[in-house]
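Reading through the structure tokens given below for one structure.
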Amino acid sequence: MSDNQHQPHQNPYPYGQQPYDPYAQPQQQPPQAHQPHQSQPQQPYGYEGYDGYEGYHGYAGQAAHGQPQPSAPYGQDAYAAPAPAAHQHQHPGAGAGYGTAHGTTATAEPAPADAPPAAPAAPTGPLKPNQLARAEGRSPIIPPGIQPAALTAVLALLLALAAPVARPLLAVPVVLLQAVTAAGWFRLNGMWPARQGIALAFLGGVATDVGLLTTPREDAPLVALGTLGVWCLLVIALQLRNRSSADERMYALTAGLTSSALAVLASGHLAADPDAVVVGAAAVALAVLVRALPLPGPVTLALGLLAGAGGGLAAAQLTGLGTAGALLGLAAGGCALIGLRVASYDYPSKFVHMTAGVALPLALAAPAVYVLGRALG
């Protein structure tokens, strides 16, 4: 093709000058790279870098393709695109600038997908002790307090008064202790209502009481182990009917087995020597009351152990155990404090404090009362 031949679609002259002369020698123009159109038309929701629900997050993608990055209007750090529900029309070429909403009101749009989760709303009103501990990131151990300690002392007093009289009379507070233990353990583990599990664990304790009342004291370990073995099979059979998930069935199984074991252990007061029951009950009552005092934790722990030993020694002077009562009181008081610690776990509710917080100190002290009572008596 000759240099004078007309080349279509090329006009080197800007607008406003004379028209193109086909006989004139054309001026050679340097090749120009194709320049992308700078104005970006409005894209429908869902294109790359922008969706109507997550906001605009395609700045890096625009820079990589040579597209201009949007500037933040009026000194803002970033701009979040409007939600589709607002029906806002964006001017072509405005990039990520803000447009004009027609007949709609501005609404808060959802956070980007890569943004951190929003903090939960702060509860209104005064915070409970467990809520305050959770908000401050402190330990979930919350002591039951003075009211459960007072109820524990009352129940221990009933045991101490009934033990020297007769074993059938002692069985009354023991049965009450087993019922509160079974209910409190299930509630402490977050399983409520669990009527079948609570009833089965309680019946295991009652069956142990019946066996102990009909056999000599020397056969108490055999009766307790035999009852516990049978009740383990019953708890497993009960969970075979559970149609929950595998994890929930396993959790219910362990809670049922532990509750049954605690109910059986609580019957140790019924099998122990009456003098040992009196000493152990006095030690538990004083230990939990001192532990509930409004003092620093390590201080009340040490004072609780000393109170248990002192209470056991004082009660031993009335029963004839002598100075050995201090050792029994120290062991019973230590077991009682362990029970309080267990009942304080996992953000417990008031119901947990009034059941597990009352019963676990006496239930865990029963084996120590039985073993040391036989050894020291």
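We name chains A, B, ... following the order of the structure tokens; residues begin at 1 in each chain, and ligands are numbered from 1 as shown.
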
Any idea what's packed within 6 Å of Thr181 in chain A, counting only C-alpha atoms, ignoring anything in its chain fewer than 3 positions away? Could you give it as a list in words?
Gln178, Gly184, Ala356 and Ala359 of chain A

I need the chosen residues saved as a PDB file, in the first residue's frame, with all heavy atoms.
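In the end it all went to result_2.pdb:
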ATOM      1  N   GLN A 178     -27.235 -38.364  99.736  1.00  0.00           N
ATOM      2  CA  GLN A 178     -27.102 -39.033  98.442  1.00  0.00           C
ATOM      3  C   GLN A 178     -27.994 -38.397  97.375  1.00  0.00           C
ATOM      4  O   GLN A 178     -27.595 -38.274  96.213  1.00  0.00           O
ATOM      5  CB  GLN A 178     -27.441 -40.519  98.600  1.00  0.00           C
ATOM      6  CG  GLN A 178     -26.399 -41.285  99.401  1.00  0.00           C
ATOM      7  CD  GLN A 178     -26.878 -42.663  99.812  1.00  0.00           C
ATOM      8  OE1 GLN A 178     -28.085 -42.907  99.951  1.00  0.00           O
ATOM      9  NE2 GLN A 178     -25.945 -43.576 100.023  1.00  0.00           N
ATOM     10  N   GLY A 184     -26.810 -32.692  92.263  1.00  0.00           N
ATOM     11  CA  GLY A 184     -25.796 -31.667  92.107  1.00  0.00           C
ATOM     12  C   GLY A 184     -24.731 -32.027  91.097  1.00  0.00           C
ATOM     13  O   GLY A 184     -24.239 -31.160  90.364  1.00  0.00           O
ATOM     14  N   ALA A 356     -24.482 -29.359  94.756  1.00  0.00           N
ATOM     15  CA  ALA A 356     -23.124 -29.909  94.774  1.00  0.00           C
ATOM     16  C   ALA A 356     -22.260 -29.211  95.822  1.00  0.00           C
ATOM     17  O   ALA A 356     -21.435 -29.847  96.484  1.00  0.00           O
ATOM     18  CB  ALA A 356     -22.484 -29.760  93.385  1.00  0.00           C
ATOM     19  N   ALA A 359     -23.342 -30.921  99.166  1.00  0.00           N
ATOM     20  CA  ALA A 359     -23.192 -32.357  99.358  1.00  0.00           C
ATOM     21  C   ALA A 359     -21.781 -32.872  99.121  1.00  0.00           C
ATOM     22  O   ALA A 359     -21.342 -33.813  99.807  1.00  0.00           O
ATOM     23  CB  ALA A 359     -24.166 -33.095  98.430  1.00  0.00           C
TER      24      ALA A 359
END

Excluding Pro367 in chain A and its own-chain neighbours fewer than 2 positions away, which residues fall within 12 Å of it when counting only C-alpha atoms? Please give them as a VMD selection string.
chain A and resid 220 to 221 224 261 to 273 276 to 277 280 328 331 to 332 335 to 336 361 to 365 369 to 374

If you keep C-alpha atoms, can you produce a file of those selected residues as an mmCIF file, in the first residue's frame?
data_model
loop_
_atom_site.group_PDB
_atom_site.id
_atom_site.type_symbol
_atom_site.label_atom_id
_atom_site.label_comp_id
_atom_site.auth_asym_id
_atom_site.auth_seq_id
_atom_site.Cartn_x
_atom_site.Cartn_y
_atom_site.Cartn_z
ATOM 1 C CA ALA A 220 -19.060 -52.733 103.794
ATOM 2 C CA PRO A 221 -16.368 -52.698 101.029
ATOM 3 C CA ALA A 224 -20.233 -51.059 98.033
ATOM 4 C CA ALA A 261 -20.048 -43.717 92.445
ATOM 5 C CA LEU A 262 -20.423 -40.567 94.559
ATOM 6 C CA ALA A 263 -23.800 -41.725 95.860
ATOM 7 C CA VAL A 264 -22.278 -45.065 96.832
ATOM 8 C CA LEU A 265 -19.306 -43.352 98.506
ATOM 9 C CA ALA A 266 -21.644 -41.186 100.559
ATOM 10 C CA SER A 267 -22.934 -44.337 102.227
ATOM 11 C CA GLY A 268 -19.518 -44.640 103.882
ATOM 12 C CA HIS A 269 -20.887 -42.639 106.814
ATOM 13 C CA LEU A 270 -23.362 -45.437 107.363
ATOM 14 C CA ALA A 271 -20.613 -48.055 107.402
ATOM 15 C CA ALA A 272 -18.102 -46.106 109.516
ATOM 16 C CA ASP A 273 -17.658 -46.259 113.273
ATOM 17 C CA ALA A 276 -15.517 -41.500 113.557
ATOM 18 C CA VAL A 277 -18.701 -40.124 111.989
ATOM 19 C CA GLY A 280 -15.533 -36.316 110.675
ATOM 20 C CA LEU A 328 -9.047 -37.832 111.226
ATOM 21 C CA ALA A 331 -8.158 -35.758 106.511
ATOM 22 C CA ALA A 332 -11.926 -35.199 106.551
ATOM 23 C CA CYS A 335 -11.548 -33.977 101.526
ATOM 24 C CA ALA A 336 -14.291 -31.455 102.247
ATOM 25 C CA PRO A 361 -17.757 -31.950 100.944
ATOM 26 C CA LEU A 362 -19.529 -34.600 103.013
ATOM 27 C CA ALA A 363 -19.654 -37.170 100.198
ATOM 28 C CA LEU A 364 -15.916 -36.996 99.528
ATOM 29 C CA ALA A 365 -15.127 -37.075 103.252
ATOM 30 C CA VAL A 369 -14.065 -41.231 107.791
ATOM 31 C CA TYR A 370 -14.582 -44.948 107.171
ATOM 32 C CA VAL A 371 -10.943 -45.895 106.554
ATOM 33 C CA LEU A 372 -9.313 -43.773 109.261
ATOM 34 C CA GLY A 373 -12.089 -44.554 111.713
ATOM 35 C CA ARG A 374 -11.362 -48.270 111.403
#

Can you check which parts of range 145-218 of chain A lie within 12 Å of range 230-242 of chain A? Per residue, the shortest pair of atoms and distance in Å to one decimal, counting only C-alpha atoms, sorted by chain and number, as a tab-separated table.
residue	atom	partner	partner_atom	distance
A:Ala194	CA	A:Leu238	CA	11.9
A:Arg195	CA	A:Leu238	CA	11.9
A:Gln196	CA	A:Leu238	CA	8.4
A:Gly197	CA	A:Val235	CA	7.7
A:Ile198	CA	A:Val235	CA	10.7
A:Ala199	CA	A:Val235	CA	10.9
A:Leu200	CA	A:Val235	CA	7.5
A:Ala201	CA	A:Trp231	CA	7.9
A:Phe202	CA	A:Trp231	CA	10.5
A:Leu203	CA	A:Trp231	CA	9.0
A:Gly204	CA	A:Trp231	CA	6.3
A:Gly205	CA	A:Trp231	CA	9.7
A:Val206	CA	A:Trp231	CA	11.5
A:Ala207	CA	A:Trp231	CA	9.7
A:Thr208	CA	A:Trp231	CA	10.4

I need the chosen residues saved as a PDB file, in the first residue's frame, with C-alpha atoms.
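And here's selection38.pdb as it stands now:
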ATOM      1  CA  ALA A 194     -31.547 -35.530  83.695  1.00  0.00           C
ATOM      2  CA  ARG A 195     -34.251 -37.215  85.717  1.00  0.00           C
ATOM      3  CA  GLN A 196     -33.448 -40.769  84.702  1.00  0.00           C
ATOM      4  CA  GLY A 197     -29.734 -40.402  85.409  1.00  0.00           C
ATOM      5  CA  ILE A 198     -30.332 -38.689  88.749  1.00  0.00           C
ATOM      6  CA  ALA A 199     -32.895 -41.272  89.803  1.00  0.00           C
ATOM      7  CA  LEU A 200     -30.617 -44.161  88.813  1.00  0.00           C
ATOM      8  CA  ALA A 201     -27.633 -42.732  90.707  1.00  0.00           C
ATOM      9  CA  PHE A 202     -29.772 -42.053  93.769  1.00  0.00           C
ATOM     10  CA  LEU A 203     -31.181 -45.579  93.719  1.00  0.00           C
ATOM     11  CA  GLY A 204     -27.631 -46.899  93.609  1.00  0.00           C
ATOM     12  CA  GLY A 205     -26.895 -45.099  96.865  1.00  0.00           C
ATOM     13  CA  VAL A 206     -30.122 -46.345  98.461  1.00  0.00           C
ATOM     14  CA  ALA A 207     -29.345 -49.936  97.393  1.00  0.00           C
ATOM     15  CA  THR A 208     -25.945 -49.601  99.056  1.00  0.00           C
TER      16      THR A 208
END

Which residues are close to Gly304 in chain A, i.e. within 6 Å by only C-alpha atoms, leaving aside same-chain residues fewer than 2 positions away? Reply as a ChimeraX atom specification.
/A:287,290-291,300-302,306-307

Save the residues we just selected, N, CA and C atoms, as a compact mmCIF listing (two decimals), in the first residue's frame?
# COMPACT_ATOMS: atom_id res chain seq x y z
N ALA A 287 -14.49 -26.80 108.64
CA ALA A 287 -13.62 -26.51 107.48
C ALA A 287 -14.36 -25.70 106.42
N VAL A 290 -15.10 -22.01 107.64
CA VAL A 290 -13.92 -21.14 107.61
C VAL A 290 -13.52 -20.83 106.17
N ARG A 291 -13.67 -21.81 105.30
CA ARG A 291 -13.33 -21.59 103.89
C ARG A 291 -14.21 -20.53 103.25
N THR A 300 -7.80 -18.70 103.61
CA THR A 300 -8.93 -19.53 104.02
C THR A 300 -8.63 -21.02 103.82
N LEU A 301 -7.81 -21.35 102.84
CA LEU A 301 -7.44 -22.76 102.66
C LEU A 301 -6.66 -23.28 103.86
N ALA A 302 -5.66 -22.52 104.28
CA ALA A 302 -4.86 -22.94 105.43
C ALA A 302 -5.70 -22.95 106.71
N LEU A 306 -6.72 -26.15 109.25
CA LEU A 306 -6.51 -26.07 110.70
C LEU A 306 -7.82 -26.20 111.46
N ALA A 307 -8.88 -25.63 110.90
CA ALA A 307 -10.18 -25.74 111.56
C ALA A 307 -10.67 -27.18 111.54

So which one's closest to Pro168 in chain A, A:Val284, A:Ala183, A:Ala156, A:Leu212? Using only C-alpha atoms, please.
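Distance minimum relative to Pro168 in chain A lands on A:Leu212.
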
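Shortest separation to Pro144 in chain A among A:Thr355, A:Thr227, A:Thr319, A:Thr254 occurs at residue A:Thr355, atoms counted being only C-alpha atoms.
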
Nearest to Leu151 in chain A: which of A:Gly377, A:Gly357, A:Gly297, A:Gly320 is it, counting only C-alpha atoms?
A:Gly357
